[in-house]
Amino acid sequence: MANTSYKARQARRVIIERTFGLAILALMSFWLVANLFKAPSQFAEVALIGLSNGILYALIALGYTLVYGIIELINFAHGDLFMLGGLFSAHFIALWFHQTKSSPMGWLVFFLALISVMIFCAGINVFIERFAYRRLRRAPKLAPLITAVGVSFMIQFVGLRWNGSGQKTWNSVLPAGHAMLGSVKLPFTTLISFAVTIPILAALTFIVTKTRQGKAMRATAQDQDASRLMGINVNRTIAFTFALGGSLAGVAGLLFQQTRGLTSYNLGYQLGLIAFTSAVLGGIGNLQGAVLGAILIGLIQGLNDGLPIGLGQQWSQTVVFSILILLMVFKPAGLLGKQVTEKV
Amino acid sequence: MSSILSAENITVEFGGLVAVNDVSFDIPEKGIVSLIGPNGAGKTTFFNILTGLYKPTSGHVMYDGSEITALTPHKIASAGVARTFQNIRLFGSMTAEENVMVAMHSHLKASLSATILGLPSQRREEKAAREEARALLEFVGIGKTANEFARNLSYGDQRRLEVARALALRPKVLLLDEPTAGMNPQESAVFVEFVHRIRDEKGISILLIEHDMAVVMKVSERITVLDRGEKIAEGTPAEIKSNPRVIEAYLGKGVGAGH
Amino acid sequence: MAISLKRKNKKQKNPASARQWAISLTVISIGIWAFFTYLFDKTPDAVQSWFQVWMPPSTINESLVWVICALGLNIVVGYAGLLDLGFVAFWAFGGYAAGWFMSGFFNQVNIHFGSMSAKTIPGIHLSFWLVMIIAALIAGFFGIIIGAPTLRLKSDYLALVTLGFGEIIPQVFTNGENIGGFNLSNGTKGISPVDAIGVFGKRLGPFDLGWKFLIYFFLAACMVFVSLRIRGGRLGRAWLAIREDELAASMMGVPLMRTKLTAYAVGAFSGGIGGAVYATHVNGIFAERFNFSISIILLAMVVLGGMGNVWGVIIGALLMAWINATGLPAIGDTFNNTFHTEINFPSYNFLLFGGILVLMMLFKRDGLLPEARLKMISHENDDEASNTGGH
Amino acid sequence: MLKIDNLEVAYGNIKAIKGISLEVNEGEIVTLIGSNGAGKSTTLRAISGLLKPRGGSITFMGERIDGLEGHDVVKKGICHSPEGRRIFPRMTVEENLDLGAFLRNDKEGIAADKERVLELFPRLRERITQKAGTMSGGEQQMLAVARALMGQPKLLILDEPSMGLAPVLVDLIFETIQKINQQGTTILLVEQNALAALSVAKRAYVLESGIIKMSGNAKDLQSDPEVTKAYLGG
């Protein structure tokens, strides 16, 4: 009867989705295996580059996911915050402290820059939340979304004035060179990226799961009014979440600027989109998901860009956004997310 | 009397929790029946099943001789099952008249190109629709507000506009979800008259979810009582009023009475 | 253009029938055309140079392209409430349709149909009007392709998918010089020149701005007409209902998917037309022009004018297109010359467009031109109609 | 203890509360009854600072609290168990209880109170590590009341605590409400189950379309023919 046919249709849909998913996975593994056989050591190096990109994306993706988790807003301006973080770091290290070489003094300044950029980006993000998004919390969804796009453009303007319209290159204070692991090169910059990122991710996990603020965040994310009734200052909790997300973007900005040595006003837009895709891939609102998604995207992108059998770098964005679109179509909840339906 | 809309053995589960458990009941043609029960008993869930918004885990919904369980909400609505909402859901920035005309969507035939070219057939159709909308607004008693934005109407007028909009679907069944919420007894009394008028003048069967017992008892020909997702009683107002199970579950047995 | 703006504003106060509107628009367009075609050379030098600085004909033409696209986006965002951040993709499709079918790009073949170009030139040379239809169909087709699977998503997800789409398509064209050995787009070099528009046996070269103005104006007027007509019909009402409350709309018998998809397709359609027109305006197609800021500028136009409000969007589009192309540089030059500063005004456009989006959302979400007043106008017409209807 | 004077609340253009005045004295159970949409929950939300009143005043322990933010109202000692339970579904029962004590720092006091509410609701002790969203409606309701108690309220606000519960559980909840009151907590109770509410309350107010229609001793109202008519359909 009609009812059973409805169920049959549902079942058929699931089957189609599964088959499609498996087909994509099979295709990808075939591509990977083919490459692995063709150039094993190159494969490992490229994967490593992908991985280090991935953790960078993870830092940005976490900002999207934290904010989305708590107020269901895609904070479009988040990627641009990362760009500002990079610019700030470049100026801080090279222009204000005149460090352009790898030296103990340079490393000290790098550490100072790390702390300053976290505060800088956190402050900007809190400022944006306070003056742009807070007023629109109860408005129709389109309004904060358009506002976020507008804020993104305004930050890009700041970047444009600060950095100029072209790319700027900078010297890194991080040691160049690499360690060897068998026949695989491990660049020091990559190792440092890991050394900075992993403790920060651990600290974030600690804050969200163990502290009072984290508890307030999780409660606010689930039910704002009920949280108020528990005595939680919802506005302050949301501001705190923006501060966390902002500081992570700042770290990403610093790492990017120091490991790649460049800044550009539109970097935030490009990387922000990739990071957002990562957050969606993992299931937006889910912290572990964001990290997982980012590492996957980083790997895919790195492998596509660097492997002998691949589309090459000029198709990088297309590959990432195709993943985004396919994901939206077949699994909008992401890898680790849950689907939520509207209440009436 | 044959039934126009009937639910057969409906069960709904949300993630393991049973919201509605094996409930059957039907709305007789040109009848006025009510669904009552404490808050959270599953009444609105049931409405959402009847209108296709939720799909039951098992069971069937039959309308006018055919099964509609699996149809999408807009198909069920176009077929003639209209509803109002517990929390008024009008199209705020459209005029009252436009709100009503939205519900005529499925009756209007004009194609995109006919609309763009403004063909005579389309103009005629629009004009007829507009007249029908005005007539419906008159029918519910808010004819003067045709050109006002829905969000600027008073609470009572918004409730009336919701009914007018539902009637524009030319329904055979009208589902009213707590229509007298927020009305005082005088307004509610007027409303009871109004429900009878809808049935008598338009020949529409009516199902009400209602909390105001005075309204329910006055308006319904038959009452179904839900409690925690199960049907616990069914019958005429007099039967329901004296049913001990109903009194216990809904009207409250008065814990510790005699303090 | 400034003149016409003023006139439109004045008109708002006095309700006019559709026919009066059509007549006054025609008069304005012919007036502007006649001025630039016949009178311009005879005016004093001071007047001529004023126009060259503040209101060059090419800016007027370009702003009409923006009007066409902004009205298309207005259907998607303003009417149906679907945030589309990748509108530039449709613009690109339209542009490349013109590039493919109105130039010597495909020089392997030699197809001529209704075009004014010499029969001996290789390539596909179709009539401008035909190409417009093809462009619209291609864009509309892709609108449906991308819309069909994604329109069931939540609104914010949809925004991101469209954004991704708006990134992919231009990248495909940028890298399209060699796709499996096939040259799709000539890559970063672009396709240039495109054929002249032929109308009434007259070839409109790059310098026939006055005539092109008439054609663009005609197309923009068609878009206005279509927008208003659809808005007044059953589909327009269904779109607005979906924008206001999707669930209630479906409960009133509005098929959500089909209705949203139509909005998307109609929007894409006009984006395609806009793209083809743009190609004839700049006389070529260049991949790097199709970037994200186009989508955002269009969005800002729609938001500024008031989402869903046709006249508001037109004013928003004209104003911002003018600012973008002429206003900022011209104001900047004047300012810098007067105060002996060296401020780079055009670089402020990011701030301007971003700021408009933010400020409008925070303080004036209905746009500059409140729809309520326009409502009153249309109601007076309604009353006329019902009076003649024998009430 | 709590005094509301001429309170007005509106949603947009629509006035939900049209100038009501009521009082709750220390140690009492006071109930607000009325049909759906009468404005009961709106009144409670205004007291708790979730809604901003348009007019009138709310005074608690001699201090004006209208216009305070929700979390500041909690600081004054008003805990609110909202309509529809509103527990945090993706957290465990224990985490929910801890959130109820969010503003408190006395570890021992919290532990003692947790023990106390688990005495009141032994069922919750069995479920202590379970995710709250996976519990039955009755258990969730218990959790909502228990969670509000964890804030050491001077005034406990309960909105529809019997909603959707089986009769047995309704009895249990009302018994527990009385027990909580006997332990010294003042209670403001909103109920649709009017008879049950009247039977535990000392005084009652009958709300209708945003105004107070009747008020007085709970027992008198219980036998009032008009109340019977409104809730039993005459």
# chains A, B, ... in the order shown; residues from 1 in each chain; ligands from 1

call {"tool": "interface_residues", "arguments": {"of": "chain A", "to": "chain D", "cutoff": "10 Å", "atoms": "only C-alpha atoms", "output": "PDB file with N, CA and C atoms, in the first residue's frame"}}
result
ATOM      1  N   ARG A 212      33.786  25.092  33.909  1.00  0.00           N
ATOM      2  CA  ARG A 212      32.481  25.693  34.125  1.00  0.00           C
ATOM      3  C   ARG A 212      31.999  26.415  32.862  1.00  0.00           C
ATOM      4  N   LYS A 215      30.866  23.992  30.368  1.00  0.00           N
ATOM      5  CA  LYS A 215      29.549  23.477  30.712  1.00  0.00           C
ATOM      6  C   LYS A 215      28.474  24.473  30.277  1.00  0.00           C
ATOM      7  N   ALA A 216      28.752  25.740  30.563  1.00  0.00           N
ATOM      8  CA  ALA A 216      27.803  26.786  30.158  1.00  0.00           C
ATOM      9  C   ALA A 216      27.635  26.809  28.647  1.00  0.00           C
ATOM     10  N   ARG A 218      28.021  24.284  26.539  1.00  0.00           N
ATOM     11  CA  ARG A 218      27.251  23.145  26.045  1.00  0.00           C
ATOM     12  C   ARG A 218      25.772  23.306  26.375  1.00  0.00           C
ATOM     13  N   ALA A 219      25.504  23.853  27.558  1.00  0.00           N
ATOM     14  CA  ALA A 219      24.104  24.070  27.935  1.00  0.00           C
ATOM     15  C   ALA A 219      23.462  25.103  27.019  1.00  0.00           C
ATOM     16  N   THR A 220      24.171  26.203  26.779  1.00  0.00           N
ATOM     17  CA  THR A 220      23.621  27.258  25.917  1.00  0.00           C
ATOM     18  C   THR A 220      23.349  26.725  24.520  1.00  0.00           C
ATOM     19  N   ALA A 221      24.244  25.873  24.045  1.00  0.00           N
ATOM     20  CA  ALA A 221      24.054  25.315  22.709  1.00  0.00           C
ATOM     21  C   ALA A 221      22.773  24.488  22.641  1.00  0.00           C
ATOM     22  N   GLN A 222      22.428  23.832  23.731  1.00  0.00           N
ATOM     23  CA  GLN A 222      21.250  22.957  23.680  1.00  0.00           C
ATOM     24  C   GLN A 222      19.954  23.716  23.897  1.00  0.00           C
ATOM     25  N   ASP A 223      19.962  24.695  24.792  1.00  0.00           N
ATOM     26  CA  ASP A 223      18.717  25.391  25.104  1.00  0.00           C
ATOM     27  C   ASP A 223      19.039  26.703  25.806  1.00  0.00           C
ATOM     28  N   GLN A 224      18.890  27.804  25.059  1.00  0.00           N
ATOM     29  CA  GLN A 224      19.296  29.092  25.638  1.00  0.00           C
ATOM     30  C   GLN A 224      18.426  29.510  26.813  1.00  0.00           C
ATOM     31  N   ASP A 225      17.121  29.360  26.670  1.00  0.00           N
ATOM     32  CA  ASP A 225      16.256  29.808  27.758  1.00  0.00           C
ATOM     33  C   ASP A 225      16.452  28.976  29.010  1.00  0.00           C
ATOM     34  N   ALA A 226      16.531  27.669  28.821  1.00  0.00           N
ATOM     35  CA  ALA A 226      16.751  26.811  29.979  1.00  0.00           C
ATOM     36  C   ALA A 226      18.074  27.167  30.645  1.00  0.00           C
ATOM     37  N   SER A 227      19.077  27.515  29.855  1.00  0.00           N
ATOM     38  CA  SER A 227      20.369  27.892  30.429  1.00  0.00           C
ATOM     39  C   SER A 227      20.229  29.152  31.274  1.00  0.00           C
ATOM     40  N   ARG A 228      19.455  30.104  30.774  1.00  0.00           N
ATOM     41  CA  ARG A 228      19.222  31.318  31.567  1.00  0.00           C
ATOM     42  C   ARG A 228      18.626  30.960  32.908  1.00  0.00           C
ATOM     43  N   LEU A 229      17.695  29.997  32.892  1.00  0.00           N
ATOM     44  CA  LEU A 229      17.033  29.618  34.129  1.00  0.00           C
ATOM     45  C   LEU A 229      17.986  28.919  35.093  1.00  0.00           C
ATOM     46  N   MET A 230      19.118  28.443  34.564  1.00  0.00           N
ATOM     47  CA  MET A 230      20.119  27.845  35.441  1.00  0.00           C
ATOM     48  C   MET A 230      21.055  28.914  35.996  1.00  0.00           C
ATOM     49  N   GLY A 231      20.856  30.157  35.579  1.00  0.00           N
ATOM     50  CA  GLY A 231      21.743  31.221  36.032  1.00  0.00           C
ATOM     51  C   GLY A 231      22.940  31.428  35.134  1.00  0.00           C
ATOM     52  N   ILE A 232      22.896  30.859  33.934  1.00  0.00           N
ATOM     53  CA  ILE A 232      24.013  31.040  33.004  1.00  0.00           C
ATOM     54  C   ILE A 232      23.836  32.361  32.263  1.00  0.00           C
ATOM     55  N   ASN A 233      24.882  33.140  32.219  1.00  0.00           N
ATOM     56  CA  ASN A 233      24.841  34.381  31.452  1.00  0.00           C
ATOM     57  C   ASN A 233      25.055  34.040  29.978  1.00  0.00           C
ATOM     58  N   VAL A 234      23.955  33.954  29.275  1.00  0.00           N
ATOM     59  CA  VAL A 234      24.008  33.443  27.903  1.00  0.00           C
ATOM     60  C   VAL A 234      24.819  34.366  26.994  1.00  0.00           C
TER      61      VAL A 234
END

call {"tool": "residues_around", "arguments": {"residues": "Glu29 in chain B", "least_positions_apart": "3", "cutoff": "9 Å", "atoms": "only C-alpha atoms", "output": "list in words"}}
result
Met1, Ser2, Ser3, Ile4, Leu5, Ile32, Lys172, Val173, Gly203, Ile204, Ser205 and Ile206 of chain B

call {"tool": "write_last_selection", "arguments": {"atoms": "all heavy atoms", "output": "mmCIF file, in the first residue's frame"}}
result
data_model
loop_
_atom_site.group_PDB
_atom_site.id
_atom_site.type_symbol
_atom_site.label_atom_id
_atom_site.label_comp_id
_atom_site.auth_asym_id
_atom_site.auth_seq_id
_atom_site.Cartn_x
_atom_site.Cartn_y
_atom_site.Cartn_z
ATOM 1 N N MET B 1 -23.683 7.514 8.910
ATOM 2 C CA MET B 1 -22.851 8.561 8.306
ATOM 3 C C MET B 1 -21.484 7.992 7.947
ATOM 4 O O MET B 1 -20.836 7.385 8.783
ATOM 5 C CB MET B 1 -22.690 9.704 9.305
ATOM 6 C CG MET B 1 -22.882 11.049 8.643
ATOM 7 S SD MET B 1 -22.377 12.397 9.695
ATOM 8 C CE MET B 1 -23.552 12.290 11.029
ATOM 9 N N SER B 2 -21.078 8.200 6.718
ATOM 10 C CA SER B 2 -19.763 7.675 6.346
ATOM 11 C C SER B 2 -18.694 8.659 6.786
ATOM 12 O O SER B 2 -18.963 9.837 6.996
ATOM 13 C CB SER B 2 -19.702 7.486 4.828
ATOM 14 O OG SER B 2 -19.836 8.739 4.206
ATOM 15 N N SER B 3 -17.494 8.148 6.887
ATOM 16 C CA SER B 3 -16.446 9.036 7.378
ATOM 17 C C SER B 3 -15.662 9.625 6.221
ATOM 18 O O SER B 3 -15.482 8.996 5.187
ATOM 19 C CB SER B 3 -15.521 8.289 8.322
ATOM 20 O OG SER B 3 -14.778 7.354 7.584
ATOM 21 N N ILE B 4 -15.192 10.860 6.424
ATOM 22 C CA ILE B 4 -14.457 11.544 5.364
ATOM 23 C C ILE B 4 -12.962 11.365 5.544
ATOM 24 O O ILE B 4 -12.209 11.169 4.605
ATOM 25 C CB ILE B 4 -14.852 13.048 5.319
ATOM 26 C CG1 ILE B 4 -14.095 13.785 4.229
ATOM 27 C CG2 ILE B 4 -14.640 13.740 6.638
ATOM 28 C CD1 ILE B 4 -14.710 13.620 2.901
ATOM 29 N N LEU B 5 -12.528 11.436 6.793
ATOM 30 C CA LEU B 5 -11.102 11.270 7.086
ATOM 31 C C LEU B 5 -10.994 10.295 8.231
ATOM 32 O O LEU B 5 -11.658 10.456 9.254
ATOM 33 C CB LEU B 5 -10.490 12.618 7.489
ATOM 34 C CG LEU B 5 -8.986 12.657 7.763
ATOM 35 C CD1 LEU B 5 -8.205 12.432 6.493
ATOM 36 C CD2 LEU B 5 -8.586 13.988 8.371
ATOM 37 N N ILE B 32 -18.786 17.401 13.452
ATOM 38 C CA ILE B 32 -17.856 18.204 14.231
ATOM 39 C C ILE B 32 -17.383 17.336 15.383
ATOM 40 O O ILE B 32 -18.176 16.947 16.243
ATOM 41 C CB ILE B 32 -18.516 19.478 14.794
ATOM 42 C CG1 ILE B 32 -19.076 20.330 13.650
ATOM 43 C CG2 ILE B 32 -17.517 20.277 15.615
ATOM 44 C CD1 ILE B 32 -19.757 21.591 14.111
ATOM 45 N N LYS B 172 -12.597 19.641 2.455
ATOM 46 C CA LYS B 172 -13.717 18.843 2.920
ATOM 47 C C LYS B 172 -13.585 18.638 4.420
ATOM 48 O O LYS B 172 -14.544 18.318 5.096
ATOM 49 C CB LYS B 172 -13.735 17.485 2.213
ATOM 50 C CG LYS B 172 -14.104 17.629 0.752
ATOM 51 C CD LYS B 172 -14.262 16.272 0.102
ATOM 52 C CE LYS B 172 -14.602 16.435 -1.376
ATOM 53 N NZ LYS B 172 -13.959 15.404 -2.186
ATOM 54 N N VAL B 173 -12.335 18.747 4.901
ATOM 55 C CA VAL B 173 -12.101 18.619 6.339
ATOM 56 C C VAL B 173 -11.290 19.812 6.803
ATOM 57 O O VAL B 173 -10.351 20.221 6.129
ATOM 58 C CB VAL B 173 -11.291 17.342 6.667
ATOM 59 C CG1 VAL B 173 -11.160 17.177 8.166
ATOM 60 C CG2 VAL B 173 -11.919 16.136 6.048
ATOM 61 N N GLY B 203 -20.599 22.948 4.479
ATOM 62 C CA GLY B 203 -20.614 21.484 4.464
ATOM 63 C C GLY B 203 -19.271 20.853 4.736
ATOM 64 O O GLY B 203 -18.938 19.805 4.189
ATOM 65 N N ILE B 204 -18.472 21.492 5.590
ATOM 66 C CA ILE B 204 -17.134 20.987 5.866
ATOM 67 C C ILE B 204 -17.135 20.235 7.195
ATOM 68 O O ILE B 204 -17.734 20.685 8.170
ATOM 69 C CB ILE B 204 -16.138 22.171 5.942
ATOM 70 C CG1 ILE B 204 -16.047 22.848 4.580
ATOM 71 C CG2 ILE B 204 -14.778 21.716 6.412
ATOM 72 C CD1 ILE B 204 -15.267 24.137 4.597
ATOM 73 N N SER B 205 -16.471 19.092 7.212
ATOM 74 C CA SER B 205 -16.311 18.362 8.461
ATOM 75 C C SER B 205 -15.209 19.034 9.271
ATOM 76 O O SER B 205 -14.246 19.539 8.712
ATOM 77 C CB SER B 205 -15.898 16.918 8.207
ATOM 78 O OG SER B 205 -16.511 16.444 7.050
ATOM 79 N N ILE B 206 -15.367 19.013 10.587
ATOM 80 C CA ILE B 206 -14.412 19.752 11.415
ATOM 81 C C ILE B 206 -13.863 18.890 12.536
ATOM 82 O O ILE B 206 -14.607 18.154 13.200
ATOM 83 C CB ILE B 206 -15.078 21.015 11.991
ATOM 84 C CG1 ILE B 206 -15.321 22.004 10.851
ATOM 85 C CG2 ILE B 206 -14.211 21.657 13.069
ATOM 86 C CD1 ILE B 206 -16.182 23.145 11.184
#

call {"tool": "interface_residues", "arguments": {"of": "chain C", "to": "chain A", "cutoff": "6 Å", "atoms": "only C-alpha atoms", "output": "ChimeraX atom specification"}}
result
/C:149-150,161,164,168,350-351,354,357-358,361

call {"tool": "write_last_selection", "arguments": {"atoms": "all heavy atoms", "output": "mmCIF file, in the first residue's frame"}}
result
data_model
loop_
_atom_site.group_PDB
_atom_site.id
_atom_site.type_symbol
_atom_site.label_atom_id
_atom_site.label_comp_id
_atom_site.auth_asym_id
_atom_site.auth_seq_id
_atom_site.Cartn_x
_atom_site.Cartn_y
_atom_site.Cartn_z
ATOM 1 N N PRO C 149 18.960 19.140 -6.176
ATOM 2 C CA PRO C 149 19.358 18.368 -4.993
ATOM 3 C C PRO C 149 19.548 19.204 -3.734
ATOM 4 O O PRO C 149 19.509 18.662 -2.642
ATOM 5 C CB PRO C 149 20.686 17.740 -5.416
ATOM 6 C CG PRO C 149 21.219 18.623 -6.462
ATOM 7 C CD PRO C 149 20.064 19.269 -7.130
ATOM 8 N N THR C 150 19.776 20.487 -3.873
ATOM 9 C CA THR C 150 20.170 21.261 -2.694
ATOM 10 C C THR C 150 19.035 22.040 -2.058
ATOM 11 O O THR C 150 19.156 22.470 -0.928
ATOM 12 C CB THR C 150 21.284 22.265 -3.045
ATOM 13 O OG1 THR C 150 20.912 22.953 -4.217
ATOM 14 C CG2 THR C 150 22.593 21.581 -3.256
ATOM 15 N N VAL C 161 26.291 25.967 -0.446
ATOM 16 C CA VAL C 161 26.384 25.174 -1.667
ATOM 17 C C VAL C 161 26.440 26.087 -2.885
ATOM 18 O O VAL C 161 27.254 25.912 -3.786
ATOM 19 C CB VAL C 161 25.201 24.196 -1.787
ATOM 20 C CG1 VAL C 161 25.206 23.536 -3.146
ATOM 21 C CG2 VAL C 161 25.290 23.143 -0.717
ATOM 22 N N GLY C 164 29.826 27.537 -3.118
ATOM 23 C CA GLY C 164 30.783 26.589 -3.676
ATOM 24 C C GLY C 164 30.622 26.502 -5.189
ATOM 25 O O GLY C 164 31.600 26.511 -5.932
ATOM 26 N N ILE C 168 33.312 27.067 -8.149
ATOM 27 C CA ILE C 168 33.729 26.014 -9.074
ATOM 28 C C ILE C 168 33.627 26.481 -10.523
ATOM 29 O O ILE C 168 34.559 26.326 -11.305
ATOM 30 C CB ILE C 168 32.860 24.744 -8.886
ATOM 31 C CG1 ILE C 168 33.153 24.109 -7.536
ATOM 32 C CG2 ILE C 168 33.119 23.755 -10.005
ATOM 33 C CD1 ILE C 168 32.260 22.937 -7.236
ATOM 34 N N PHE C 350 35.003 47.613 -0.920
ATOM 35 C CA PHE C 350 34.764 46.491 0.003
ATOM 36 C C PHE C 350 34.051 46.987 1.254
ATOM 37 O O PHE C 350 33.071 46.408 1.709
ATOM 38 C CB PHE C 350 36.095 45.863 0.418
ATOM 39 C CG PHE C 350 36.574 44.799 -0.501
ATOM 40 C CD1 PHE C 350 37.328 45.102 -1.617
ATOM 41 C CD2 PHE C 350 36.271 43.476 -0.252
ATOM 42 C CE1 PHE C 350 37.761 44.123 -2.467
ATOM 43 C CE2 PHE C 350 36.706 42.483 -1.095
ATOM 44 C CZ PHE C 350 37.462 42.807 -2.215
ATOM 45 N N LEU C 351 34.589 48.082 1.793
ATOM 46 C CA LEU C 351 33.996 48.650 3.002
ATOM 47 C C LEU C 351 32.560 49.078 2.719
ATOM 48 O O LEU C 351 31.652 48.815 3.501
ATOM 49 C CB LEU C 351 34.825 49.846 3.459
ATOM 50 C CG LEU C 351 34.336 50.518 4.734
ATOM 51 C CD1 LEU C 351 34.497 49.578 5.907
ATOM 52 C CD2 LEU C 351 35.110 51.796 4.983
ATOM 53 N N GLY C 354 30.275 45.876 2.059
ATOM 54 C CA GLY C 354 30.137 45.156 3.329
ATOM 55 C C GLY C 354 29.331 45.974 4.313
ATOM 56 O O GLY C 354 28.408 45.462 4.963
ATOM 57 N N LEU C 357 25.616 45.970 3.622
ATOM 58 C CA LEU C 357 24.949 44.732 4.049
ATOM 59 C C LEU C 357 24.717 44.753 5.555
ATOM 60 O O LEU C 357 23.619 44.470 6.043
ATOM 61 C CB LEU C 357 25.787 43.513 3.667
ATOM 62 C CG LEU C 357 25.869 43.181 2.183
ATOM 63 C CD1 LEU C 357 26.724 41.941 1.977
ATOM 64 C CD2 LEU C 357 24.492 42.941 1.604
ATOM 65 N N VAL C 358 25.770 45.091 6.310
ATOM 66 C CA VAL C 358 25.648 45.034 7.768
ATOM 67 C C VAL C 358 24.652 46.071 8.267
ATOM 68 O O VAL C 358 23.730 45.756 9.029
ATOM 69 C CB VAL C 358 27.024 45.251 8.426
ATOM 70 C CG1 VAL C 358 26.884 45.333 9.938
ATOM 71 C CG2 VAL C 358 27.971 44.125 8.048
ATOM 72 N N MET C 361 21.017 45.348 7.430
ATOM 73 C CA MET C 361 20.449 44.253 8.220
ATOM 74 C C MET C 361 20.178 44.698 9.654
ATOM 75 O O MET C 361 19.203 44.308 10.269
ATOM 76 C CB MET C 361 21.407 43.059 8.236
ATOM 77 C CG MET C 361 21.355 42.226 6.989
ATOM 78 S SD MET C 361 19.712 41.560 6.716
ATOM 79 C CE MET C 361 19.305 42.295 5.164
#

call {"tool": "atom_distance", "arguments": {"atom1": "CA of Asn9 in chain B", "atom2": "CA of Ala166 in chain B"}}
result
26.9 Å

call {"tool": "select_by_dssp", "arguments": {"residues": "range 30-198 of chain C", "states": "strand (DSSP E)", "output": "list in words"}}
result
Met102, Ser103, Asn110, Ile111, His112, Phe113, Gly123, Ile124, His125, Leu126, Ile197 and Gly198 of chain C

call {"tool": "select_by_dssp", "arguments": {"residues": "range 80-229 of chain D", "states": "alpha helix (DSSP H)", "output": "PyMOL selection string"}}
result
chain D and resi 93-100+107-120+122-126+137-149+167-182+194-200+218-222+225-229

call {"tool": "residues_around", "arguments": {"residues": "Asn184 in chain B", "least_positions_apart": "4", "cutoff": "9 Å", "atoms": "only C-alpha atoms", "output": "PyMOL selection string"}}
result
(chain B and resi 180+188-189) or (chain D and resi 38+208-209)

call {"tool": "residues_around", "arguments": {"residues": "Gly166 in chain C", "least_positions_apart": "4", "cutoff": "8 Å", "atoms": "only C-alpha atoms", "output": "short mmCIF file (atom, residue, chain, number, x, y, z; two decimals) with N, CA and C atoms, in the first residue's frame"}}
result
data_model
loop_
_atom_site.label_atom_id
_atom_site.label_comp_id
_atom_site.auth_asym_id
_atom_site.auth_seq_id
_atom_site.Cartn_x
_atom_site.Cartn_y
_atom_site.Cartn_z
N LEU C 85 24.54 32.72 -2.98
CA LEU C 85 25.80 33.46 -2.96
C LEU C 85 26.67 33.11 -4.15
N GLY C 86 26.11 32.40 -5.11
CA GLY C 86 26.92 32.01 -6.26
C GLY C 86 26.31 32.47 -7.57
N PHE C 87 25.65 33.62 -7.51
CA PHE C 87 24.94 34.07 -8.71
C PHE C 87 25.89 34.32 -9.86
N VAL C 88 27.14 34.61 -9.51
CA VAL C 88 28.13 34.89 -10.54
C VAL C 88 28.28 33.71 -11.52
N ALA C 89 27.99 32.49 -11.05
CA ALA C 89 28.12 31.33 -11.93
C ALA C 89 27.18 31.45 -13.13
N THR C 162 25.59 27.11 -2.88
CA THR C 162 25.61 28.03 -4.01
C THR C 162 26.95 28.75 -4.09
N PRO C 170 33.53 29.44 -12.19
CA PRO C 170 34.60 30.29 -12.75
C PRO C 170 35.94 29.57 -12.81
N PHE C 292 33.79 36.30 -6.74
CA PHE C 292 32.80 36.30 -5.67
C PHE C 292 32.19 37.68 -5.44
#

call {"tool": "atom_distance", "arguments": {"atom1": "CA of Lys231 in chain B", "atom2": "CA of Ala19 in chain B"}}
result
11.8 Å

call {"tool": "atom_distance", "arguments": {"atom1": "CA of Ala23 in chain A", "atom2": "CA of Val291 in chain A"}}
result
24.4 Å

call {"tool": "residues_around", "arguments": {"residues": "Glu191 in chain D", "least_positions_apart": "4", "cutoff": "12 Å", "atoms": "only C-alpha atoms", "output": "count of residues only"}}
result
41

call {"tool": "closest_residue", "arguments": {"among": "A:Leu204, A:Ala39, A:Ala90, A:Leu56", "to": "Ala243 in chain A", "atoms": "only C-alpha atoms"}}
result
A:Leu204

call {"tool": "residues_around", "arguments": {"residues": "range 1-11 of chain D", "least_positions_apart": "5", "cutoff": "9 Å", "atoms": "only C-alpha atoms", "output": "number ranges by chain"}}
result
D: 16-26, 42-43, 46-47, 51-62, 155, 186, 210

call {"tool": "closest_residue", "arguments": {"among": "B:Val33, B:Leu137, B:Ala41, B:Ala129", "to": "chain D", "atoms": "only C-alpha atoms"}}
result
B:Ala41
